[in-house]
$ cat target02.pdb   # PDB, C-alpha atoms
ATOM      1  CA  MET A   1     -17.083 -10.304 -46.443
ATOM      2  CA  LEU A   2     -14.689 -12.522 -48.436
ATOM      3  CA  THR A   3     -16.092 -10.984 -51.606
ATOM      4  CA  ILE A   4     -15.515  -7.438 -50.367
ATOM      5  CA  SER A   5     -11.954  -8.206 -49.282
ATOM      6  CA  ALA A   6     -11.291  -9.820 -52.695
ATOM      7  CA  LEU A   7     -12.568  -6.678 -54.423
ATOM      8  CA  PHE A   8     -10.379  -4.494 -52.227
ATOM      9  CA  CYS A   9      -7.285  -6.677 -52.735
ATOM     10  CA  GLY A  10      -7.867  -6.733 -56.505
ATOM     11  CA  LEU A  11      -8.137  -2.959 -56.539
ATOM     12  CA  LEU A  12      -4.989  -2.523 -54.444
ATOM     13  CA  PHE A  13      -3.139  -5.064 -56.616
ATOM     14  CA  GLY A  14      -4.162  -3.158 -59.748
ATOM     15  CA  LEU A  15      -3.063   0.172 -58.276
ATOM     16  CA  GLY A  16       0.328  -1.359 -57.470
ATOM     17  CA  LEU A  17       0.694  -2.596 -61.052
ATOM     18  CA  ILE A  18      -0.137   0.860 -62.444
ATOM     19  CA  LEU A  19       2.188   2.699 -60.046
ATOM     20  CA  GLY A  20       4.952   0.186 -60.745
ATOM     21  CA  GLY A  21       4.731   0.826 -64.504
ATOM     22  CA  MET A  22       3.623  -2.731 -65.358
ATOM     23  CA  THR A  23       0.594  -1.595 -67.368
ATOM     24  CA  ASN A  24       2.887  -0.113 -70.013
ATOM     25  CA  PRO A  25       3.921  -3.016 -72.287
ATOM     26  CA  ALA A  26       6.781  -0.973 -73.763
ATOM     27  CA  LYS A  27       8.289  -0.673 -70.270
ATOM     28  CA  VAL A  28       7.881  -4.404 -69.608
ATOM     29  CA  GLN A  29       9.569  -5.201 -72.932
ATOM     30  CA  ALA A  30      12.362  -2.747 -72.051
ATOM     31  CA  PHE A  31      12.965  -4.886 -68.937
ATOM     32  CA  LEU A  32      13.056  -8.044 -71.047
ATOM     33  CA  ASP A  33      15.428  -6.447 -73.580
ATOM     34  CA  LEU A  34      18.827  -7.325 -72.151
ATOM     35  CA  GLY A  35      20.461  -6.674 -75.530
ATOM     36  CA  GLY A  36      19.154  -3.111 -75.835
ATOM     37  CA  ALA A  37      18.641  -0.183 -73.468
ATOM     38  CA  TRP A  38      17.721  -2.167 -70.351
ATOM     39  CA  ASP A  39      15.135  -0.754 -67.920
ATOM     40  CA  PRO A  40      15.551  -2.683 -64.623
ATOM     41  CA  SER A  41      12.353  -1.209 -63.066
ATOM     42  CA  LEU A  42      10.345  -4.447 -63.214
ATOM     43  CA  ALA A  43      12.882  -6.233 -61.017
ATOM     44  CA  LEU A  44      12.147  -3.667 -58.310
ATOM     45  CA  VAL A  45       8.386  -4.207 -58.673
ATOM     46  CA  MET A  46       8.876  -7.934 -58.044
ATOM     47  CA  GLY A  47      11.473  -7.353 -55.342
ATOM     48  CA  GLY A  48       9.285  -4.858 -53.497
ATOM     49  CA  ALA A  49       6.280  -7.176 -53.719
ATOM     50  CA  ILE A  50       8.213 -10.220 -52.489
ATOM     51  CA  CYS A  51       9.659  -8.275 -49.532
ATOM     52  CA  VAL A  52       6.188  -7.263 -48.350
ATOM     53  CA  ALA A  53       4.393 -10.547 -49.133
ATOM     54  CA  SER A  54       6.918 -13.037 -47.729
ATOM     55  CA  GLY A  55       6.152 -12.095 -44.100
ATOM     56  CA  ALA A  56       2.446 -12.660 -44.665
ATOM     57  CA  PHE A  57       3.041 -16.106 -46.210
ATOM     58  CA  ALA A  58       5.286 -17.083 -43.283
ATOM     59  CA  VAL A  59       2.364 -16.303 -40.938
ATOM     60  CA  ALA A  60      -0.268 -17.838 -43.240
ATOM     61  CA  LYS A  61       1.371 -21.248 -43.611
ATOM     62  CA  ASN A  62       1.018 -21.950 -39.889
ATOM     63  CA  ARG A  63      -2.657 -21.057 -39.761
ATOM     64  CA  PRO A  64      -5.450 -23.516 -40.658
ATOM     65  CA  ARG A  65      -7.848 -20.631 -41.360
ATOM     66  CA  SER A  66      -7.636 -17.060 -42.589
ATOM     67  CA  LEU A  67      -8.476 -14.042 -40.416
ATOM     68  CA  LEU A  68     -11.952 -14.062 -41.949
ATOM     69  CA  GLY A  69     -12.372 -17.780 -41.205
ATOM     70  CA  ALA A  70     -11.850 -19.102 -44.725
ATOM     71  CA  PRO A  71      -9.775 -22.294 -45.129
ATOM     72  CA  MET A  72      -6.106 -21.538 -45.851
ATOM     73  CA  LEU A  73      -5.615 -22.832 -49.402
ATOM     74  CA  LEU A  74      -1.923 -22.750 -50.228
ATOM     75  CA  PRO A  75      -0.505 -24.850 -53.093
ATOM     76  CA  THR A  76       0.819 -28.243 -52.046
ATOM     77  CA  ALA A  77       2.230 -29.540 -55.364
ATOM     78  CA  ARG A  78       5.969 -30.190 -55.246
ATOM     79  CA  ASP A  79       6.737 -32.031 -58.502
ATOM     80  CA  LEU A  80       8.756 -30.338 -61.217
ATOM     81  CA  GLU A  81       6.819 -31.822 -64.126
ATOM     82  CA  PRO A  82       7.581 -31.132 -67.799
ATOM     83  CA  ARG A  83       4.295 -29.244 -68.136
ATOM     84  CA  LEU A  84       5.437 -26.681 -65.555
ATOM     85  CA  ILE A  85       8.500 -25.938 -67.678
ATOM     86  CA  LEU A  86       6.766 -26.106 -71.061
ATOM     87  CA  GLY A  87       3.912 -23.884 -69.863
ATOM     88  CA  SER A  88       6.360 -21.334 -68.469
ATOM     89  CA  VAL A  89       8.329 -21.302 -71.747
ATOM     90  CA  LEU A  90       5.136 -20.611 -73.742
ATOM     91  CA  PHE A  91       4.008 -17.960 -71.275
ATOM     92  CA  GLY A  92       7.416 -16.231 -71.455
ATOM     93  CA  MET A  93       7.206 -16.162 -75.257
ATOM     94  CA  GLY A  94       3.798 -14.481 -75.216
ATOM     95  CA  TRP A  95       4.939 -12.098 -72.469
ATOM     96  CA  GLY A  96       7.936 -11.033 -74.523
ATOM     97  CA  LEU A  97       5.959 -10.671 -77.772
ATOM     98  CA  ALA A  98       3.288  -8.332 -76.382
ATOM     99  CA  GLY A  99       4.691  -7.069 -73.071
ATOM    100  CA  PHE A 100       1.524  -8.146 -71.245
ATOM    101  CA  CYS A 101       1.079 -10.748 -68.534
ATOM    102  CA  PRO A 102      -2.424 -11.558 -67.205
ATOM    103  CA  GLY A 103      -2.746  -8.994 -64.363
ATOM    104  CA  PRO A 104      -1.547  -5.889 -66.207
ATOM    105  CA  ALA A 105      -3.577  -6.891 -69.293
ATOM    106  CA  ILE A 106      -6.804  -6.945 -67.233
ATOM    107  CA  VAL A 107      -5.942  -3.607 -65.573
ATOM    108  CA  THR A 108      -5.121  -1.986 -68.929
ATOM    109  CA  LEU A 109      -8.408  -3.345 -70.288
ATOM    110  CA  GLY A 110     -10.070  -1.450 -67.417
ATOM    111  CA  SER A 111      -8.468   1.748 -68.694
ATOM    112  CA  GLY A 112     -10.375   1.247 -71.942
ATOM    113  CA  ALA A 113      -7.491   0.295 -74.247
ATOM    114  CA  PRO A 114      -8.936  -1.806 -77.140
ATOM    115  CA  ALA A 115      -5.593  -3.574 -77.749
ATOM    116  CA  ALA A 116      -5.668  -4.871 -74.149
ATOM    117  CA  GLY A 117      -9.213  -6.128 -74.769
ATOM    118  CA  LEU A 118      -8.030  -8.038 -77.812
ATOM    119  CA  PHE A 119      -5.122  -9.538 -75.844
ATOM    120  CA  VAL A 120      -7.419 -10.568 -72.960
ATOM    121  CA  CYS A 121      -9.890 -12.224 -75.392
ATOM    122  CA  ALA A 122      -7.045 -14.209 -76.983
ATOM    123  CA  MET A 123      -5.746 -15.095 -73.506
ATOM    124  CA  LEU A 124      -9.173 -16.464 -72.490
ATOM    125  CA  VAL A 125      -9.307 -18.514 -75.708
ATOM    126  CA  GLY A 126      -5.826 -19.860 -74.881
ATOM    127  CA  MET A 127      -7.012 -20.832 -71.392
ATOM    128  CA  LEU A 128     -10.107 -22.523 -72.808
ATOM    129  CA  ALA A 129      -7.939 -24.366 -75.335
ATOM    130  CA  PHE A 130      -5.881 -25.704 -72.436
ATOM    131  CA  GLU A 131      -9.020 -26.802 -70.580
ATOM    132  CA  GLY A 132     -10.197 -28.578 -73.717
ATOM    133  CA  LEU A 133      -6.873 -30.310 -74.265
ATOM    134  CA  GLU A 134      -6.668 -31.376 -70.627
ATOM    135  CA  LYS A 135     -10.151 -32.888 -70.760
ATOM    136  CA  PHE A 136      -9.289 -34.658 -74.007
ATOM    137  CA  LEU A 137      -6.047 -36.097 -72.612
ATOM    138  CA  LYS A 138      -7.763 -37.255 -69.453
ATOM    139  CA  ARG A 139     -10.405 -39.030 -71.469
ATOM    140  CA  ALA A 140      -8.179 -40.433 -74.201
ATOM    141  CA  PRO A 141      -6.349 -43.232 -72.316
ATOM    142  CA  THR A 142      -9.531 -44.688 -70.836
ATOM    143  CA  SER A 143     -11.348 -44.656 -74.188
ATOM    144  CA  GLN A 144      -8.530 -46.651 -75.773
ATOM    145  CA  VAL A 145      -8.661 -49.351 -73.144
ATOM    146  CA  PRO A 146     -11.360 -51.885 -74.062
ATOM    147  CA  ARG A 147     -14.137 -51.963 -71.519
ATOM    148  CA  PRO A 148     -14.450 -55.233 -69.609
ATOM    149  CA  HIS A 149     -17.119 -57.412 -71.119
ATOM    150  CA  SER A 150     -20.270 -57.068 -69.134
ATOM    151  CA  GLY A 151     -21.789 -60.384 -70.113
ATOM    152  CA  ALA A 152     -24.803 -61.023 -72.272
ATOM    153  CA  ARG A 153     -26.945 -58.051 -73.165
TER
ATOM    154  CA  MET B   1      24.129  -4.319 -71.936
ATOM    155  CA  THR B   2      23.363  -0.642 -71.283
ATOM    156  CA  ILE B   3      21.038   0.587 -68.579
ATOM    157  CA  ASP B   4      18.319   2.961 -69.691
ATOM    158  CA  TRP B   5      18.679   5.435 -66.808
ATOM    159  CA  GLN B   6      16.268   7.865 -68.454
ATOM    160  CA  HIS B   7      13.310   5.483 -68.196
ATOM    161  CA  PHE B   8      14.399   3.683 -65.014
ATOM    162  CA  THR B   9      11.849   4.441 -62.268
ATOM    163  CA  PRO B  10      13.339   2.894 -59.117
ATOM    164  CA  TRP B  11      11.155   4.596 -56.501
ATOM    165  CA  THR B  12       7.735   4.370 -58.126
ATOM    166  CA  SER B  13       8.418   0.780 -59.211
ATOM    167  CA  LEU B  14       9.509  -0.167 -55.694
ATOM    168  CA  ALA B  15       6.433   1.576 -54.255
ATOM    169  CA  GLY B  16       4.159  -0.104 -56.813
ATOM    170  CA  GLY B  17       5.721  -3.453 -55.958
ATOM    171  CA  ALA B  18       5.233  -2.847 -52.232
ATOM    172  CA  LEU B  19       1.577  -1.955 -52.881
ATOM    173  CA  LEU B  20       0.857  -5.103 -54.852
ATOM    174  CA  GLY B  21       2.822  -7.068 -52.269
ATOM    175  CA  LEU B  22       0.522  -5.597 -49.620
ATOM    176  CA  ALA B  23      -2.512  -6.647 -51.699
ATOM    177  CA  THR B  24      -1.045 -10.175 -51.937
ATOM    178  CA  ALA B  25      -0.348 -10.228 -48.177
ATOM    179  CA  LEU B  26      -3.844  -9.051 -47.269
ATOM    180  CA  PHE B  27      -5.390 -11.537 -49.684
ATOM    181  CA  VAL B  28      -3.689 -14.568 -48.163
ATOM    182  CA  LEU B  29      -4.305 -13.381 -44.586
ATOM    183  CA  LEU B  30      -7.978 -12.456 -45.154
ATOM    184  CA  ASN B  31      -9.114 -14.875 -47.870
ATOM    185  CA  GLY B  32      -6.562 -17.650 -47.379
ATOM    186  CA  ARG B  33      -5.709 -17.716 -51.060
ATOM    187  CA  ILE B  34      -2.901 -17.071 -53.510
ATOM    188  CA  ALA B  35      -3.273 -13.871 -55.536
ATOM    189  CA  GLY B  36      -2.385 -15.576 -58.811
ATOM    190  CA  ILE B  37      -4.188 -13.796 -61.624
ATOM    191  CA  SER B  38      -4.098 -16.579 -64.238
ATOM    192  CA  GLY B  39      -5.431 -19.050 -61.663
ATOM    193  CA  ILE B  40      -8.198 -16.680 -60.523
ATOM    194  CA  ILE B  41      -9.338 -16.119 -64.123
ATOM    195  CA  GLY B  42      -8.867 -19.773 -65.077
ATOM    196  CA  GLY B  43     -11.181 -20.816 -62.240
ATOM    197  CA  LEU B  44     -13.937 -18.709 -63.779
ATOM    198  CA  LEU B  45     -13.837 -20.733 -66.992
ATOM    199  CA  HIS B  46     -15.201 -23.810 -65.226
ATOM    200  CA  PRO B  47     -17.209 -22.189 -62.439
ATOM    201  CA  ARG B  48     -17.990 -24.187 -59.318
ATOM    202  CA  ARG B  49     -20.675 -23.336 -56.761
ATOM    203  CA  GLY B  50     -19.426 -21.054 -54.005
ATOM    204  CA  ASP B  51     -16.157 -20.455 -55.828
ATOM    205  CA  VAL B  52     -17.222 -17.677 -58.174
ATOM    206  CA  ASP B  53     -17.980 -14.525 -56.167
ATOM    207  CA  TRP B  54     -14.481 -13.833 -54.837
ATOM    208  CA  ARG B  55     -12.939 -14.448 -58.268
ATOM    209  CA  VAL B  56     -15.311 -12.015 -59.979
ATOM    210  CA  ALA B  57     -14.738  -9.476 -57.177
ATOM    211  CA  PHE B  58     -10.942  -9.682 -57.494
ATOM    212  CA  VAL B  59     -11.075  -9.241 -61.283
ATOM    213  CA  ALA B  60     -13.558  -6.355 -60.854
ATOM    214  CA  GLY B  61     -11.040  -4.735 -58.491
ATOM    215  CA  LEU B  62      -8.342  -5.027 -61.163
ATOM    216  CA  LEU B  63     -10.662  -3.542 -63.793
ATOM    217  CA  LEU B  64     -11.606  -0.636 -61.502
ATOM    218  CA  ALA B  65      -7.989   0.179 -60.622
ATOM    219  CA  PRO B  66      -7.445   2.628 -63.535
ATOM    220  CA  LEU B  67     -10.589   4.517 -62.489
ATOM    221  CA  ALA B  68      -9.410   4.732 -58.865
ATOM    222  CA  TYR B  69      -5.891   5.688 -59.980
ATOM    223  CA  GLY B  70      -7.444   8.448 -62.112
ATOM    224  CA  LEU B  71      -8.765  10.121 -58.946
ATOM    225  CA  PHE B  72      -5.199  10.884 -57.841
ATOM    226  CA  ALA B  73      -3.112  10.994 -61.011
ATOM    227  CA  THR B  74      -3.384  10.470 -64.739
ATOM    228  CA  PHE B  75      -3.213   6.856 -65.909
ATOM    229  CA  PRO B  76       0.231   6.344 -67.461
ATOM    230  CA  VAL B  77       0.343   5.895 -71.226
ATOM    231  CA  ALA B  78       0.268   2.239 -72.269
ATOM    232  CA  SER B  79       2.351   2.076 -75.435
ATOM    233  CA  ILE B  80       1.705  -1.241 -77.132
ATOM    234  CA  ASN B  81       4.192  -2.167 -79.833
ATOM    235  CA  ALA B  82       2.475  -5.358 -80.977
ATOM    236  CA  ASP B  83       0.062  -5.251 -83.922
ATOM    237  CA  THR B  84      -3.203  -7.211 -84.037
ATOM    238  CA  PRO B  85      -1.911 -10.643 -85.153
ATOM    239  CA  LEU B  86       0.955 -10.437 -82.667
ATOM    240  CA  LEU B  87      -1.396  -9.455 -79.816
ATOM    241  CA  VAL B  88      -3.651 -12.413 -80.617
ATOM    242  CA  GLY B  89      -0.729 -14.842 -80.857
ATOM    243  CA  ALA B  90       0.803 -13.528 -77.647
ATOM    244  CA  GLY B  91      -2.547 -13.688 -75.844
ATOM    245  CA  LEU B  92      -3.045 -17.320 -76.889
ATOM    246  CA  LEU B  93       0.476 -18.215 -75.687
ATOM    247  CA  VAL B  94      -0.018 -16.419 -72.355
ATOM    248  CA  GLY B  95      -3.435 -18.003 -71.773
ATOM    249  CA  PHE B  96      -2.388 -21.537 -72.700
ATOM    250  CA  GLY B  97       1.064 -21.294 -71.123
ATOM    251  CA  THR B  98      -0.044 -19.932 -67.759
ATOM    252  CA  ARG B  99      -2.653 -22.683 -67.352
ATOM    253  CA  LEU B 100      -0.277 -25.436 -68.462
ATOM    254  CA  GLY B 101       2.450 -24.066 -66.180
ATOM    255  CA  ALA B 102      -0.047 -23.399 -63.359
ATOM    256  CA  GLY B 103       0.826 -19.763 -62.832
ATOM    257  CA  CYS B 104       2.099 -16.443 -64.079
ATOM    258  CA  THR B 105       4.107 -13.477 -62.822
ATOM    259  CA  SER B 106       1.825 -13.047 -59.806
ATOM    260  CA  GLY B 107       1.167 -16.653 -58.754
ATOM    261  CA  HIS B 108       4.659 -18.029 -59.371
ATOM    262  CA  GLY B 109       6.700 -14.819 -59.456
ATOM    263  CA  VAL B 110       5.378 -12.967 -56.417
ATOM    264  CA  CYS B 111       3.459 -15.509 -54.305
ATOM    265  CA  GLY B 112       5.605 -18.543 -55.103
ATOM    266  CA  ILE B 113       8.955 -16.878 -54.523
ATOM    267  CA  SER B 114       7.588 -15.294 -51.309
ATOM    268  CA  ARG B 115       6.740 -18.823 -50.126
ATOM    269  CA  LEU B 116      10.126 -20.103 -51.353
ATOM    270  CA  ALA B 117       8.289 -22.784 -53.349
ATOM    271  CA  PRO B 118      10.817 -24.648 -55.543
ATOM    272  CA  ARG B 119       8.242 -25.172 -58.338
ATOM    273  CA  SER B 120       7.557 -21.448 -58.534
ATOM    274  CA  ILE B 121      11.236 -20.513 -58.468
ATOM    275  CA  VAL B 122      11.845 -22.878 -61.397
ATOM    276  CA  ALA B 123       8.763 -21.582 -63.247
ATOM    277  CA  THR B 124       9.774 -17.930 -62.718
ATOM    278  CA  LEU B 125      13.341 -18.503 -63.912
ATOM    279  CA  THR B 126      11.916 -20.338 -66.935
ATOM    280  CA  PHE B 127       9.404 -17.689 -68.052
ATOM    281  CA  MET B 128      11.924 -14.928 -67.395
ATOM    282  CA  ALA B 129      14.535 -16.683 -69.532
ATOM    283  CA  SER B 130      11.937 -17.352 -72.219
ATOM    284  CA  GLY B 131      10.866 -13.688 -72.173
ATOM    285  CA  PHE B 132      14.464 -12.451 -72.371
ATOM    286  CA  LEU B 133      15.190 -14.797 -75.276
ATOM    287  CA  THR B 134      11.972 -13.908 -77.129
ATOM    288  CA  VAL B 135      12.667 -10.169 -76.940
ATOM    289  CA  TYR B 136      16.306 -10.728 -77.903
ATOM    290  CA  LEU B 137      15.331 -12.760 -80.950
ATOM    291  CA  THR B 138      12.553 -10.404 -82.097
ATOM    292  CA  ARG B 139      14.545  -7.211 -81.587
ATOM    293  CA  HIS B 140      18.131  -8.124 -82.333
ATOM    294  CA  VAL B 141      18.148 -11.226 -84.509
ATOM    295  CA  PHE B 142      14.988 -11.255 -86.656
ATOM    296  CA  ALA B 143      14.285  -7.526 -86.457
TER
END
$ encode --input "target02.pdb" --output "structure tokens"
Amino acid sequence: MLTISALFCGLLFGLGLILGGMTNPAKVQAFLDLGGAWDPSLALVMGGAICVASGAFAVAKNRPRSLLGAPMLLPTARDLEPRLILGSVLFGMGWGLAGFCPGPAIVTLGSGAPAAGLFVCAMLVGMLAFEGLEKFLKRAPTSQVPRPHSGAR
Amino acid sequence: MTIDWQHFTPWTSLAGGALLGLATALFVLLNGRIAGISGIIGGLLHPRRGDVDWRVAFVAGLLLAPLAYGLFATFPVASINADTPLLVGAGLLVGFGTRLGAGCTSGHGVCGISRLAPRSIVATLTFMASGFLTVYLTRHVFA
């Protein structure tokens, strides 16, 4: 049941992106182009979405379980770490360069556009690169610390 | 700044936003999860037992959306200005950046702001500013 509802929500989410004009990178870039002919449409996509979703989150945060009985998994992190800022800066750069963010890129891939496929492949490589770096950084400090001597072998 | 009234689509963009807001609302109420696309995809790169099906289903829904949209209207033209090297570079930045920053336009921008989460508000302001600056530099300074 959770799988079916995820499929339905993904479909509805994708339809919203298409209707909102987010699957057209030129339109997204026109929103980001404050110095040119500015198209404010994207602000209304976000505004409309936030208006509808905020009520649901207000209800959800007081419930231990979802309507289908799944645990309510809302983010709990509160720290404003440097990586949050740095990651967002890098994401914004890529978003501005191509006019794609993850959701619309996947939806446009579904429409059969090869350029979206190329972008999504590069995006997955970028995500894997992050995973690799994170694993490396987690391992690095411990490998530098000499292991306590475990006595005679 | 001049507003491009000719391409401004207030009503369809508002309606599209409301629709994806509804999807986000249903997803948290039914599945108890954040509809953050980069997080959903990222979780598939190190799959854990019992945590795969819903992610694949959500992404399948996204991929099927153009087909479903095609039943009612023609899929709008996606005009992509970036050439191949730029698409690859941008994709790498988006993939790496969204995982490092723990979210994208959906997870931080829609879900996070809806929850009034300070982290997400900061992240959204940051990637917006970065996007504005990137487009400004590529179109008006180094064009």
$ atom_distance --input "target02.pdb" --atom1 "atom CA of B:Val59" --atom2 "atom CA of B:Leu125"
26.2 Å
$ atom_distance --input "target02.pdb" --atom1 "atom CA of B:Ile41" --atom2 "atom CA of B:Gly70"
24.7 Å
$ residues_near_point --input "target02.pdb" --point "(2.4, -15.4, -45.2)" --cutoff "12 Å" --atoms "all atoms listed in the file" --output "PyMOL selection string"
(chain A and resi 50-63+66-67+72-74) or (chain B and resi 21-35+110-116)
$ residues_around --input "target02.pdb" --residues "B:His108" --least-positions-apart "3" --cutoff "8 Å" --atoms "all atoms listed in the file" --output "VMD selection string"
chain B and resid 36 103 to 105 111 to 113 120 to 121 123 to 124
$ interface_residues --input "target02.pdb" --of "chain B" --to "chain A" --cutoff "6 Å" --atoms "all atoms listed in the file" --output "VMD selection string"
chain B and resid 1 to 4 8 to 10 12 to 14 16 to 21 23 25 29 to 33 37 54 57 to 58 61 to 63 65 to 66 78 to 80 82 87 to 88 90 to 98 100 to 101 110 114 119 123 126 to 127 130 to 132 134 to 135
$ atom_distance --input "target02.pdb" --atom1 "atom CA of B:Ala102" --atom2 "atom CA of B:Gly43"
11.5 Å
$ decode --input "target02.pdb" --residues "stretch 49-57 of chain B" --atoms "all heavy atoms" --output "tab-separated table (two decimals), in the first residue's frame"
chain	number	residue	atom	x	y	z
B	49	ARG	N	17.50	-2.79	3.08
B	49	ARG	CA	16.32	-3.69	3.04
B	49	ARG	C	15.07	-2.97	3.54
B	49	ARG	O	15.11	-2.30	4.57
B	49	ARG	CB	16.57	-4.90	3.95
B	49	ARG	CG	17.20	-6.07	3.25
B	49	ARG	CD	17.42	-7.19	4.27
B	49	ARG	NE	16.21	-8.00	4.40
B	49	ARG	CZ	15.99	-9.10	3.68
B	49	ARG	NH1	16.87	-9.50	2.80
B	49	ARG	NH2	14.89	-9.81	3.85
B	50	GLY	N	13.99	-3.12	2.79
B	50	GLY	CA	12.71	-2.55	3.20
B	50	GLY	C	12.60	-1.06	2.94
B	50	GLY	O	11.61	-0.43	3.31
B	51	ASP	N	13.64	-0.48	2.32
B	51	ASP	CA	13.66	0.96	2.13
B	51	ASP	C	13.78	1.31	0.63
B	51	ASP	O	14.15	2.41	0.29
B	51	ASP	CB	14.84	1.55	2.92
B	51	ASP	CG	14.78	3.07	3.00
B	51	ASP	OD1	13.69	3.61	3.29
B	51	ASP	OD2	15.81	3.72	2.73
B	52	VAL	N	13.50	0.31	-0.20
B	52	VAL	CA	13.75	0.49	-1.63
B	52	VAL	C	12.46	0.70	-2.42
B	52	VAL	O	12.37	1.62	-3.24
B	52	VAL	CB	14.54	-0.72	-2.20
B	52	VAL	CG1	14.66	-0.64	-3.71
B	52	VAL	CG2	15.92	-0.79	-1.56
B	53	ASP	N	11.46	-0.13	-2.12
B	53	ASP	CA	10.23	-0.16	-2.93
B	53	ASP	C	9.58	1.21	-3.09
B	53	ASP	O	9.26	1.62	-4.20
B	53	ASP	CB	9.20	-1.12	-2.31
B	53	ASP	CG	9.69	-2.55	-2.32
B	53	ASP	OD1	10.87	-2.77	-2.67
B	53	ASP	OD2	8.90	-3.44	-1.97
B	54	TRP	N	9.37	1.92	-2.00
B	54	TRP	CA	8.67	3.21	-2.08
B	54	TRP	C	9.48	4.22	-2.85
B	54	TRP	O	8.92	5.05	-3.57
B	54	TRP	CB	8.31	3.72	-0.68
B	54	TRP	CG	9.49	4.16	0.14
B	54	TRP	CD1	10.24	3.38	0.97
B	54	TRP	CD2	10.05	5.47	0.20
B	54	TRP	NE1	11.25	4.13	1.52
B	54	TRP	CE2	11.15	5.42	1.08
B	54	TRP	CE3	9.72	6.70	-0.40
B	54	TRP	CZ2	11.93	6.55	1.38
B	54	TRP	CZ3	10.50	7.81	-0.11
B	54	TRP	CH2	11.59	7.72	0.76
B	55	ARG	N	10.82	4.13	-2.75
B	55	ARG	CA	11.67	5.08	-3.49
B	55	ARG	C	11.55	4.83	-5.00
B	55	ARG	O	11.40	5.77	-5.78
B	55	ARG	CB	13.14	4.93	-3.07
B	55	ARG	CG	13.41	5.37	-1.64
B	55	ARG	CD	14.88	5.16	-1.26
B	55	ARG	NE	15.06	5.32	0.18
B	55	ARG	CZ	15.37	6.48	0.76
B	55	ARG	NH1	15.58	7.56	0.04
B	55	ARG	NH2	15.50	6.56	2.07
B	56	VAL	N	11.65	3.55	-5.38
B	56	VAL	CA	11.53	3.20	-6.80
B	56	VAL	C	10.15	3.61	-7.31
B	56	VAL	O	10.02	4.18	-8.40
B	56	VAL	CB	11.75	1.68	-7.00
B	56	VAL	CG1	11.43	1.26	-8.42
B	56	VAL	CG2	13.19	1.30	-6.64
B	57	ALA	N	9.11	3.38	-6.50
B	57	ALA	CA	7.74	3.70	-6.92
B	57	ALA	C	7.58	5.21	-7.13
B	57	ALA	O	6.97	5.65	-8.10
B	57	ALA	CB	6.75	3.20	-5.87
